[in-house]
file entry.txt (compact mmCIF, C-alpha atoms)
# COMPACT_ATOMS: atom_id res chain seq x y z
CA MET O 31 11.27 16.76 43.98
CA HIS O 32 12.52 14.54 46.77
CA HIS O 33 11.47 17.01 49.44
CA ASN O 34 7.93 17.63 48.32
CA ILE O 35 5.84 15.35 50.50
CA ILE O 36 2.70 15.50 48.33
CA VAL O 37 4.54 14.58 45.16
CA ARG O 38 6.43 11.84 46.94
CA GLU O 39 3.43 10.24 48.62
CA VAL O 40 1.25 10.40 45.51
CA ALA O 41 4.06 8.84 43.48
CA ASN O 42 4.45 6.12 46.11
CA LEU O 43 0.73 5.49 45.90
CA PHE O 44 0.74 5.27 42.12
CA PHE O 45 3.92 3.26 41.66
CA PRO O 46 2.44 -0.17 42.52
CA ILE O 47 -0.74 0.62 40.61
CA ILE O 48 1.22 1.50 37.48
CA ILE O 49 3.31 -1.68 37.72
CA LEU O 50 0.17 -3.76 38.31
CA PHE O 51 -1.54 -2.12 35.34
CA GLY O 52 1.53 -2.86 33.23
CA LEU O 53 1.39 -6.52 34.18
CA TYR O 54 -2.34 -6.56 33.42
CA VAL O 55 -1.74 -5.07 29.98
CA GLN O 56 1.07 -7.56 29.41
CA PHE O 57 -0.88 -10.69 30.22
CA HIS O 58 -4.32 -9.56 29.13
CA GLY O 59 -3.16 -8.44 25.69
CA ASP O 60 -4.68 -11.54 24.07
CA PHE O 61 -8.15 -10.52 25.17
CA GLY O 62 -8.18 -6.74 25.18
CA PRO O 63 -6.10 -3.91 23.82
CA GLY O 64 -2.47 -3.99 24.77
CA GLY O 65 0.43 -6.35 24.60
CA GLY O 66 4.11 -6.57 25.31
CA PHE O 67 5.05 -3.23 23.79
CA GLN O 68 2.53 -1.13 25.70
CA ALA O 69 3.12 -3.09 28.90
CA GLY O 70 6.86 -2.58 28.64
CA VAL O 71 6.42 1.15 28.24
CA ILE O 72 3.99 1.37 31.18
CA ILE O 73 6.31 -0.55 33.50
CA ALA O 74 9.23 1.60 32.37
CA VAL O 75 7.18 4.74 33.09
CA GLY O 76 6.47 3.41 36.59
CA ILE O 77 10.17 2.88 37.23
CA ILE O 78 11.02 6.30 35.78
CA LEU O 79 8.41 7.91 38.05
CA TYR O 80 10.09 6.21 40.99
CA ALA O 81 13.46 7.47 39.80
CA LEU O 82 12.16 11.03 39.39
CA VAL O 83 10.85 11.14 42.93
CA HIS O 84 13.39 9.07 44.85
CA GLY O 85 16.47 9.93 42.87
CA LEU O 86 18.55 8.00 40.41
CA ASP O 87 20.92 6.44 42.92
CA LYS O 88 18.16 4.78 44.92
CA THR O 89 16.60 3.43 41.72
CA ARG O 90 19.97 2.14 40.55
CA ARG O 91 20.29 0.26 43.82
CA LEU O 92 16.78 -1.16 43.37
CA ILE O 93 17.24 -2.11 39.72
CA PRO O 94 20.95 -2.32 38.92
CA GLU O 95 22.10 -1.18 35.52
CA LYS O 96 23.61 -4.58 34.90
CA ALA O 97 20.22 -6.27 35.34
CA VAL O 98 18.71 -3.77 32.90
CA ARG O 99 21.39 -4.55 30.33
CA ILE O 100 20.88 -8.28 30.73
CA GLY O 101 17.11 -7.78 30.41
CA MET O 102 17.57 -5.92 27.13
CA SER O 103 19.18 -8.90 25.45
CA LEU O 104 17.13 -11.46 27.36
CA GLY O 105 13.89 -10.25 25.78
CA VAL O 106 15.19 -10.48 22.21
CA LEU O 107 16.79 -13.81 23.06
CA LEU O 108 13.49 -15.15 24.41
CA TYR O 109 11.66 -14.05 21.27
CA ALA O 110 14.22 -15.48 18.86
CA GLY O 111 14.64 -18.53 21.10
CA VAL O 112 10.99 -19.42 20.66
CA GLY O 113 11.59 -19.29 16.91
CA VAL O 114 14.64 -21.54 17.18
CA VAL O 115 12.70 -24.01 19.34
CA THR O 116 9.96 -24.23 16.72
CA LEU O 117 12.68 -24.78 14.10
CA LEU O 118 14.15 -27.62 16.17
CA LEU O 119 10.69 -29.12 16.56
CA GLY O 120 10.48 -29.39 12.80
CA ALA O 121 8.25 -26.47 11.82
CA GLU O 122 8.88 -23.04 10.35
CA PHE O 123 10.56 -20.27 12.33
CA LEU O 124 8.01 -18.85 14.82
CA ASN O 125 5.31 -21.38 13.89
CA TYR O 126 3.96 -21.93 17.39
CA ASN O 127 1.64 -24.81 16.45
CA VAL O 128 4.29 -27.39 17.28
CA LEU O 129 5.21 -26.08 20.75
CA VAL O 130 2.72 -28.43 22.45
CA ALA O 131 0.43 -31.17 21.17
CA ASN O 132 -2.63 -28.95 20.66
CA PRO O 133 -1.92 -26.27 18.01
CA LEU O 134 -4.18 -23.68 19.65
CA THR O 135 -2.48 -24.13 23.02
CA GLY O 136 0.84 -23.96 21.20
CA GLN O 137 -0.17 -20.66 19.61
CA HIS O 138 -1.25 -19.35 22.99
CA LEU O 139 2.02 -20.37 24.64
CA GLY O 140 4.06 -18.98 21.76
CA ILE O 141 2.28 -15.63 21.83
CA PHE O 142 2.59 -15.49 25.61
CA LEU O 143 6.35 -16.09 25.44
CA ILE O 144 7.12 -13.68 22.63
CA GLU O 145 4.94 -10.95 24.18
CA LEU O 146 6.90 -11.47 27.38
CA GLY O 147 10.11 -11.08 25.39
CA VAL O 148 8.81 -7.87 23.80
CA GLY O 149 7.75 -6.53 27.19
CA ILE O 150 11.09 -7.25 28.86
CA THR O 151 13.09 -5.69 26.04
CA VAL O 152 10.92 -2.57 25.72
CA ALA O 153 10.81 -1.94 29.47
CA THR O 154 14.53 -2.40 29.98
CA VAL O 155 15.51 -0.37 26.92
CA MET O 156 13.33 2.54 28.06
CA VAL O 157 14.78 2.40 31.58
CA MET O 158 18.27 2.12 30.09
CA ILE O 159 17.75 5.20 27.93
CA PHE O 160 16.45 7.08 30.95
CA TYR O 161 19.42 5.97 33.07
CA ALA O 162 21.80 7.03 30.32
CA PHE O 163 20.17 10.47 29.92
CA ALA O 164 19.57 11.22 33.56
CA GLY O 165 22.89 9.84 34.75
CA ARG O 166 24.84 12.05 32.38
CA GLY O 167 26.54 14.97 34.00
CA GLN O 168 25.95 13.56 37.46
CA GLU O 169 28.88 13.08 39.85
CA MET P 59 -8.68 20.94 14.49
CA MET P 60 -7.11 20.87 17.91
CA LEU P 61 -4.19 18.91 16.47
CA THR P 62 -3.56 21.75 14.02
CA ALA P 63 -3.87 24.31 16.80
CA THR P 64 -1.31 22.45 18.89
CA ALA P 65 1.04 22.15 15.94
CA VAL P 66 0.80 25.88 15.19
CA ALA P 67 1.32 26.68 18.86
CA LEU P 68 4.42 24.47 18.81
CA LEU P 69 5.79 26.56 15.96
CA CYS P 70 5.22 29.82 17.77
CA ILE P 71 6.48 28.80 21.19
CA GLN P 72 10.03 29.67 22.19
CA SER P 73 10.38 27.94 25.52
CA LEU P 74 11.68 24.40 25.16
CA PHE P 75 9.80 23.30 28.26
CA VAL P 76 6.46 24.42 26.83
CA ALA P 77 7.38 22.81 23.52
CA ALA P 78 8.00 19.47 25.25
CA MET P 79 4.64 19.73 26.98
CA LEU P 80 2.93 20.62 23.70
CA THR P 81 4.38 17.56 21.93
CA GLY P 82 2.91 15.49 24.76
CA ILE P 83 -0.46 17.14 24.27
CA TYR P 84 -0.19 16.55 20.53
CA SER P 85 0.42 12.84 21.12
CA LEU P 86 -2.50 12.63 23.51
CA LEU P 87 -4.79 14.27 20.96
CA SER P 88 -3.61 11.86 18.26
CA ALA P 89 -4.33 9.01 20.67
CA ALA P 90 -7.88 10.34 21.06
CA LEU P 91 -8.15 10.46 17.26
CA PHE P 92 -7.03 6.82 17.02
CA VAL P 93 -9.67 5.84 19.58
CA LEU P 94 -12.29 7.56 17.43
CA LEU P 95 -11.05 5.50 14.47
CA ASP P 96 -11.43 2.30 16.56
CA ALA P 97 -7.68 1.64 16.59
CA VAL P 98 -7.48 1.07 20.32
CA ASP P 99 -4.12 -0.71 20.32
CA VAL P 100 -2.46 2.04 18.32
CA ALA P 101 -4.04 4.69 20.57
CA PHE P 102 -2.70 2.86 23.60
CA THR P 103 0.80 2.83 22.17
CA GLU P 104 0.61 6.48 21.14
CA ALA P 105 -0.56 7.55 24.58
CA ALA P 106 2.06 5.51 26.41
CA VAL P 107 5.02 6.24 24.16
CA GLY P 108 4.24 9.64 22.66
CA ALA P 109 2.58 11.34 25.58
CA GLY P 110 4.28 9.42 28.38
CA ILE P 111 7.83 8.36 27.91
CA THR P 112 8.89 10.76 25.17
CA THR P 113 7.85 13.74 27.27
CA VAL P 114 9.78 12.39 30.25
CA LEU P 115 12.87 11.85 28.12
CA PHE P 116 12.52 15.37 26.68
CA LEU P 117 12.31 16.79 30.20
CA GLY P 118 15.27 14.70 31.33
CA MET P 119 17.24 16.08 28.41
CA LEU P 120 16.09 19.66 29.09
CA ALA P 121 17.35 19.39 32.66
CA ARG P 122 20.81 18.62 31.30
CA ILE P 123 21.19 21.39 28.74
CA PRO P 124 21.75 24.99 29.78
CA SER P 125 18.80 27.28 29.21
CA ARG P 126 19.41 30.04 26.71
CA PRO P 127 16.25 32.11 26.67
CA GLU P 128 17.72 35.04 24.72
CA GLN P 129 18.45 33.13 21.55
CA TYR P 130 14.92 31.84 21.02
CA ARG P 131 13.15 35.16 21.14
CA LYS P 132 12.31 35.78 17.53
CA LEU P 133 10.24 33.55 15.27
CA HIS P 134 11.84 33.55 11.85
CA LEU P 135 9.33 32.99 9.09
CA ARG P 136 11.27 31.86 6.04
CA VAL P 137 9.42 31.84 2.73
CA GLY P 138 11.17 28.85 1.09
CA PRO P 139 10.54 26.19 3.76
CA MET P 140 7.06 27.58 4.35
CA LEU P 141 6.22 27.15 0.65
CA ALA P 142 7.68 23.61 0.62
CA VAL P 143 5.57 22.62 3.62
CA LEU P 144 2.41 24.16 2.19
CA ILE P 145 2.87 22.54 -1.24
CA THR P 146 3.60 19.12 0.30
CA GLY P 147 0.57 19.46 2.54
CA ALA P 148 -1.66 20.49 -0.35
CA ALA P 149 -0.40 17.56 -2.46
CA LEU P 150 -1.10 15.12 0.39
CA ILE P 151 -4.60 16.50 0.92
CA TYR P 152 -5.20 16.31 -2.86
CA ALA P 153 -4.04 12.66 -2.82
CA THR P 154 -6.50 11.73 -0.07
CA HIS P 155 -9.35 12.25 -2.55
CA ASP P 156 -8.15 9.10 -4.35
CA MET P 157 -8.32 7.03 -1.20
CA PRO P 158 -11.34 4.78 -0.62
CA ALA P 159 -13.87 6.06 1.91
CA PHE P 160 -13.18 5.24 5.53
CA GLY P 161 -14.55 1.79 6.38
CA ASP P 162 -15.31 0.93 2.74
CA PRO P 163 -15.58 -2.90 2.66
CA LYS P 164 -14.31 -2.97 -0.94
CA ALA P 165 -11.15 -0.96 -0.17
CA PRO P 166 -7.96 -2.83 -1.17
CA ALA P 167 -6.80 -2.95 2.44
CA ASN P 168 -10.03 -4.66 3.47
CA VAL P 169 -10.14 -7.39 0.81
CA HIS P 170 -6.53 -8.60 0.86
CA VAL P 171 -5.73 -10.50 4.09
CA ALA P 172 -8.16 -8.86 6.50
CA PRO P 173 -11.05 -11.31 5.83
CA ARG P 174 -8.72 -14.23 6.55
CA TYR P 175 -7.71 -12.64 9.85
CA ILE P 176 -11.28 -11.85 10.83
CA ASN P 177 -12.76 -15.20 9.81
CA ASP P 178 -10.02 -17.65 10.69
CA SER P 179 -7.80 -16.14 13.37
CA ALA P 180 -9.97 -17.48 16.21
CA ARG P 181 -9.65 -20.99 14.78
CA GLU P 182 -6.01 -20.75 13.72
CA VAL P 183 -4.46 -18.69 16.49
CA GLY P 184 -6.97 -18.30 19.29
CA PRO P 185 -6.87 -14.90 21.02
CA PRO P 186 -10.06 -12.86 20.74
CA ASN P 187 -7.95 -9.75 20.10
CA ILE P 188 -7.18 -10.07 16.39
CA VAL P 189 -4.52 -7.37 16.63
CA THR P 190 -2.54 -9.60 18.97
CA SER P 191 -2.95 -12.58 16.63
CA VAL P 192 -1.72 -10.57 13.66
CA LEU P 193 1.20 -8.96 15.49
CA ALA P 194 2.43 -11.98 17.38
CA SER P 195 1.58 -14.87 15.10
CA TYR P 196 0.80 -14.01 11.48
CA ARG P 197 3.37 -11.23 11.48
CA GLY P 198 5.79 -12.76 13.96
CA TYR P 199 8.80 -11.94 11.79
CA ASP P 200 7.91 -8.26 11.66
CA THR P 201 7.48 -8.03 15.41
CA LEU P 202 10.82 -9.78 15.94
CA GLY P 203 12.31 -7.14 13.68
CA GLU P 204 10.68 -4.37 15.71
CA VAL P 205 12.01 -5.75 18.97
CA THR P 206 15.46 -5.98 17.41
CA VAL P 207 15.18 -2.34 16.33
CA ILE P 208 14.33 -1.30 19.91
CA PHE P 209 17.20 -3.40 21.22
CA THR P 210 19.56 -1.82 18.71
CA ALA P 211 18.37 1.65 19.70
CA GLY P 212 19.07 0.83 23.35
CA VAL P 213 22.55 -0.45 22.49
CA GLY P 214 23.15 2.69 20.44
CA VAL P 215 22.22 4.96 23.33
CA LEU P 216 24.44 2.88 25.60
CA LEU P 217 27.36 3.23 23.22
CA LEU P 218 26.89 7.00 22.97
CA LEU P 219 26.06 7.88 26.57
CA GLY P 220 26.71 4.89 28.78
CA HIS P 221 30.47 4.61 28.88
CA ARG P 222 31.01 7.21 31.59
CA ARG P 223 31.03 4.63 34.36
CA ARG P 224 33.51 2.30 32.72
CA ARG P 225 36.03 5.08 32.18
CA GLU P 226 35.76 6.01 35.86
CA ASP P 227 36.41 2.42 36.82
CA ARG P 228 39.54 2.38 34.73
CA ASP P 229 40.80 5.62 36.28
CA ALA P 230 40.20 4.37 39.79
CA PRO P 231 43.22 2.73 41.40

call {"tool": "encode", "arguments": {"input": "entry.txt", "output": "structure tokens"}}
result
Amino acid sequence: MHHNIIVREVANLFFPIIILFGLYVQFHGDFGPGGGFQAGVIIAVGIILYALVHGLDKTRRLIPEKAVRIGMSLGVLLYAGVGVVTLLLGAEFLNYNVLVANPLTGQHLGIFLIELGVGITVATVMVMIFYAFAGRGQE
Amino acid sequence: MMLTATAVALLCIQSLFVAAMLTGIYSLLSAALFVLLDAVDVAFTEAAVGAGITTVLFLGMLARIPSRPEQYRKLHLRVGPMLAVLITGAALIYATHDMPAFGDPKAPANVHVAPRYINDSAREVGPPNIVTSVLASYRGYDTLGEVTVIFTAGVGVLLLLGHRRRREDRDAP
């Protein structure tokens, strides 16, 4: 697919739009449909589209496998970490009310952080699975 | 109706490539169904995961396996499995008659915790999207579990498929 100029240019055109849309879904999930899970998948799809058009090696140089692996655990860690922080602040696990003085702001911050954790984990796991599948049998 | 048509077509098709495309179409149609039922978040997920990434992963897998067109020529219709599927389907359809009507305000699902979510989530949690409030705050444990499941799945795939590079490193002088 690398040699087809139409496919390549259209993919180049869409790549930033897909990533932007993913970020929108991620951070606008409180107000409209969407959230970390959907955003993670959309961002992963953008990266996979890039990999399909530009080849796996170029994508691996752009987003190293090591970073993807770290991202996988970072997302879960961020989610569970928010829970541990609320525990340390004297409330129940994942009770965001105590994160800041105002409970509603605390809820907002908590939801923001855990959705970010979900997004990071989902996106990196999907990219990881794609790397593992597509990289098999190469070289 | 179109869902059934796609499913039947999936049964009859021999080419794996067409089958992968048809599963994508099936997911997209289910997403449209979820939109009709006002479950926008679920539809979003179905469209992104079912129609998007699963199809890509199927295609990635198809590119790796050798194509064997000769062995998929004939559609075997076995009586036993066919009967099992038909009886299960009939039982499920029979059971739906016991379910409350769609959107019935007195249905058990609508009187348990849903009123609390609808009435109080804006005051207790904040976001206008109640689905987000439920997923991220009221049901925070469950979502943490889901993320852990995804993480575990990723680790599993890594364990099965991802060790090629490390072995090469060890072989290299």

call {"tool": "residues_near_point", "arguments": {"input": "entry.txt", "point": "(1.0, -25.5, 12.3)", "cutoff": "12 Å", "atoms": "all atoms listed in the file", "output": "list in words"}}
result
Thr116, Leu117, Leu119, Gly120, Ala121, Glu122, Phe123, Leu124, Asn125, Tyr126, Asn127, Val128, Leu129, Val130, Ala131, Asn132, Pro133, Leu134, Thr135, Gly136, Gln137 and Gly140 of chain O; Arg181, Glu182, Val183, Ser195 and Tyr196 of chain P

call {"tool": "residues_near_point", "arguments": {"input": "entry.txt", "point": "(13.9, -19.6, 22.3)", "cutoff": "10 Å", "atoms": "only C-alpha atoms", "output": "MDAnalysis selection string"}}
result
chainID O and resid 105:117 124 140 143:144 147

call {"tool": "closest_atom_pairs", "arguments": {"input": "entry.txt", "of": "chain P", "to": "chain O", "cutoff": "8 Å", "atoms": "all atoms listed in the file", "output": "Markdown table"}}
result
| residue | atom | partner | partner_atom | distance |
| --- | --- | --- | --- | --- |
| P:Val98 | CA | O:Pro63 | CA | 6.2 |
| P:Asp99 | CA | O:Pro63 | CA | 5.1 |
| P:Phe102 | CA | O:Gln68 | CA | 6.9 |
| P:Thr103 | CA | O:Gln68 | CA | 5.6 |
| P:Ala106 | CA | O:Val71 | CA | 6.4 |
| P:Val107 | CA | O:Val71 | CA | 6.7 |
| P:Gly110 | CA | O:Val75 | CA | 7.2 |
| P:Ile111 | CA | O:Val75 | CA | 6.4 |
| P:Leu115 | CA | O:Phe160 | CA | 6.6 |
| P:Gly118 | CA | O:Ala164 | CA | 6.0 |
| P:Met119 | CA | O:Phe163 | CA | 6.5 |
| P:Arg122 | CA | O:Gly167 | CA | 7.3 |
| P:Arg181 | CA | O:Leu134 | CA | 7.8 |
| P:Glu182 | CA | O:Leu134 | CA | 6.9 |
| P:Val183 | CA | O:Gln137 | CA | 5.7 |
| P:Gly184 | CA | O:Leu134 | CA | 6.1 |
| P:Pro185 | CA | O:Asp60 | CA | 5.0 |
| P:Pro186 | CA | O:Phe61 | CA | 5.4 |
| P:Asn187 | CA | O:Phe61 | CA | 5.1 |
| P:Thr190 | CA | O:Asp60 | CA | 5.9 |
| P:Ser191 | CA | O:Asp60 | CA | 7.7 |
| P:Ala194 | CA | O:Ile141 | CA | 5.8 |
| P:Ser195 | CA | O:Ile141 | CA | 6.8 |
| P:Gly198 | CA | O:Leu124 | CA | 6.5 |
| P:Tyr199 | CA | O:Leu124 | CA | 7.6 |
| P:Leu202 | CA | O:Tyr109 | CA | 6.9 |
| P:Val205 | CA | O:Val148 | CA | 6.2 |
| P:Thr206 | CA | O:Val106 | CA | 6.6 |
| P:Ile208 | CA | O:Val152 | CA | 6.9 |
| P:Phe209 | CA | O:Met102 | CA | 6.4 |
| P:Gly212 | CA | O:Val155 | CA | 5.2 |
| P:Val215 | CA | O:Ile159 | CA | 6.4 |
| P:Leu216 | CA | O:Ala162 | CA | 6.8 |
| P:Leu219 | CA | O:Ala162 | CA | 5.7 |
| P:Gly220 | CA | O:Ala162 | CA | 5.6 |
| P:Arg222 | CA | O:Arg166 | CA | 7.9 |

call {"tool": "atom_distance", "arguments": {"input": "entry.txt", "atom1": "CA of Leu104 (chain O)", "atom2": "CA of Ile150 (chain O)"}}
result
7.5 Å

call {"tool": "atom_distance", "arguments": {"input": "entry.txt", "atom1": "CA of Leu218 (chain P)", "atom2": "CA of Ser73 (chain P)"}}
result
26.8 Å

call {"tool": "residues_around", "arguments": {"input": "entry.txt", "residues": "Leu87 (chain P)", "least_positions_apart": "3", "cutoff": "8 Å", "atoms": "only C-alpha atoms", "output": "list in words"}}
result
Met60, Leu61, Ile83, Tyr84, Ala90 and Leu91 of chain P

call {"tool": "atom_distance", "arguments": {"input": "entry.txt", "atom1": "CA of Ile93 (chain O)", "atom2": "CA of Leu117 (chain P)"}}
result
21.7 Å

call {"tool": "residues_around", "arguments": {"input": "entry.txt", "residues": "Asn34 (chain O)", "least_positions_apart": "3", "cutoff": "12 Å", "atoms": "all atoms listed in the file", "output": "ChimeraX atom specification"}}
result
/O:31,37-41,82-84

call {"tool": "residues_around", "arguments": {"input": "entry.txt", "residues": "Leu95 (chain P)", "least_positions_apart": "6", "cutoff": "10 Å", "atoms": "only C-alpha atoms", "output": "list of chain:residue names"}}
result
P:Ala89, P:Ala101, P:Phe160, P:Gly161

call {"tool": "build_atoms", "arguments": {"input": "entry.txt", "residues": "region 41-57 of chain O", "atoms": "N, CA, C and O atoms", "output": "PDB file, in the frame of the given file"}}
result
ATOM      1  N   ALA O  41       3.271   9.725  44.338  1.00  0.00           N
ATOM      2  CA  ALA O  41       4.060   8.840  43.480  1.00  0.00           C
ATOM      3  C   ALA O  41       4.163   7.453  44.114  1.00  0.00           C
ATOM      4  O   ALA O  41       4.035   6.439  43.426  1.00  0.00           O
ATOM      5  N   ASN O  42       4.382   7.407  45.429  1.00  0.00           N
ATOM      6  CA  ASN O  42       4.450   6.120  46.110  1.00  0.00           C
ATOM      7  C   ASN O  42       3.142   5.365  45.978  1.00  0.00           C
ATOM      8  O   ASN O  42       3.130   4.146  45.830  1.00  0.00           O
ATOM      9  N   LEU O  43       2.044   6.114  46.024  1.00  0.00           N
ATOM     10  CA  LEU O  43       0.730   5.490  45.900  1.00  0.00           C
ATOM     11  C   LEU O  43       0.539   4.916  44.496  1.00  0.00           C
ATOM     12  O   LEU O  43       0.001   3.820  44.320  1.00  0.00           O
ATOM     13  N   PHE O  44       1.005   5.675  43.497  1.00  0.00           N
ATOM     14  CA  PHE O  44       0.740   5.270  42.120  1.00  0.00           C
ATOM     15  C   PHE O  44       1.700   4.210  41.614  1.00  0.00           C
ATOM     16  O   PHE O  44       1.358   3.450  40.709  1.00  0.00           O
ATOM     17  N   PHE O  45       2.903   4.167  42.198  1.00  0.00           N
ATOM     18  CA  PHE O  45       3.920   3.260  41.660  1.00  0.00           C
ATOM     19  C   PHE O  45       3.438   1.812  41.558  1.00  0.00           C
ATOM     20  O   PHE O  45       3.486   1.221  40.472  1.00  0.00           O
ATOM     21  N   PRO O  46       2.906   1.210  42.665  1.00  0.00           N
ATOM     22  CA  PRO O  46       2.440  -0.170  42.520  1.00  0.00           C
ATOM     23  C   PRO O  46       1.272  -0.318  41.569  1.00  0.00           C
ATOM     24  O   PRO O  46       1.181  -1.330  40.844  1.00  0.00           O
ATOM     25  N   ILE O  47       0.406   0.707  41.513  1.00  0.00           N
ATOM     26  CA  ILE O  47      -0.740   0.620  40.610  1.00  0.00           C
ATOM     27  C   ILE O  47      -0.279   0.598  39.165  1.00  0.00           C
ATOM     28  O   ILE O  47      -0.774  -0.178  38.337  1.00  0.00           O
ATOM     29  N   ILE O  48       0.714   1.450  38.855  1.00  0.00           N
ATOM     30  CA  ILE O  48       1.220   1.500  37.480  1.00  0.00           C
ATOM     31  C   ILE O  48       1.851   0.159  37.100  1.00  0.00           C
ATOM     32  O   ILE O  48       1.605  -0.382  36.024  1.00  0.00           O
ATOM     33  N   ILE O  49       2.657  -0.398  38.024  1.00  0.00           N
ATOM     34  CA  ILE O  49       3.310  -1.680  37.720  1.00  0.00           C
ATOM     35  C   ILE O  49       2.244  -2.763  37.534  1.00  0.00           C
ATOM     36  O   ILE O  49       2.313  -3.575  36.609  1.00  0.00           O
ATOM     37  N   LEU O  50       1.239  -2.758  38.403  1.00  0.00           N
ATOM     38  CA  LEU O  50       0.170  -3.760  38.310  1.00  0.00           C
ATOM     39  C   LEU O  50      -0.571  -3.619  36.981  1.00  0.00           C
ATOM     40  O   LEU O  50      -0.863  -4.608  36.305  1.00  0.00           O
ATOM     41  N   PHE O  51      -0.853  -2.360  36.611  1.00  0.00           N
ATOM     42  CA  PHE O  51      -1.540  -2.120  35.340  1.00  0.00           C
ATOM     43  C   PHE O  51      -0.689  -2.600  34.170  1.00  0.00           C
ATOM     44  O   PHE O  51      -1.194  -3.199  33.216  1.00  0.00           O
ATOM     45  N   GLY O  52       0.621  -2.378  34.273  1.00  0.00           N
ATOM     46  CA  GLY O  52       1.530  -2.860  33.230  1.00  0.00           C
ATOM     47  C   GLY O  52       1.456  -4.364  33.084  1.00  0.00           C
ATOM     48  O   GLY O  52       1.367  -4.900  31.978  1.00  0.00           O
ATOM     49  N   LEU O  53       1.471  -5.056  34.232  1.00  0.00           N
ATOM     50  CA  LEU O  53       1.390  -6.520  34.180  1.00  0.00           C
ATOM     51  C   LEU O  53       0.058  -6.963  33.592  1.00  0.00           C
ATOM     52  O   LEU O  53       0.003  -7.916  32.813  1.00  0.00           O
ATOM     53  N   TYR O  54      -1.019  -6.237  33.966  1.00  0.00           N
ATOM     54  CA  TYR O  54      -2.340  -6.560  33.420  1.00  0.00           C
ATOM     55  C   TYR O  54      -2.337  -6.418  31.912  1.00  0.00           C
ATOM     56  O   TYR O  54      -2.809  -7.304  31.179  1.00  0.00           O
ATOM     57  N   VAL O  55      -1.786  -5.297  31.427  1.00  0.00           N
ATOM     58  CA  VAL O  55      -1.740  -5.070  29.980  1.00  0.00           C
ATOM     59  C   VAL O  55      -0.901  -6.153  29.305  1.00  0.00           C
ATOM     60  O   VAL O  55      -1.233  -6.655  28.231  1.00  0.00           O
ATOM     61  N   GLN O  56       0.191  -6.535  29.973  1.00  0.00           N
ATOM     62  CA  GLN O  56       1.070  -7.560  29.410  1.00  0.00           C
ATOM     63  C   GLN O  56       0.331  -8.881  29.216  1.00  0.00           C
ATOM     64  O   GLN O  56       0.351  -9.474  28.148  1.00  0.00           O
ATOM     65  N   PHE O  57      -0.333  -9.338  30.267  1.00  0.00           N
ATOM     66  CA  PHE O  57      -0.880 -10.690  30.220  1.00  0.00           C
ATOM     67  C   PHE O  57      -2.316 -10.743  29.754  1.00  0.00           C
ATOM     68  O   PHE O  57      -2.857 -11.817  29.552  1.00  0.00           O
TER      69      PHE O  57
END
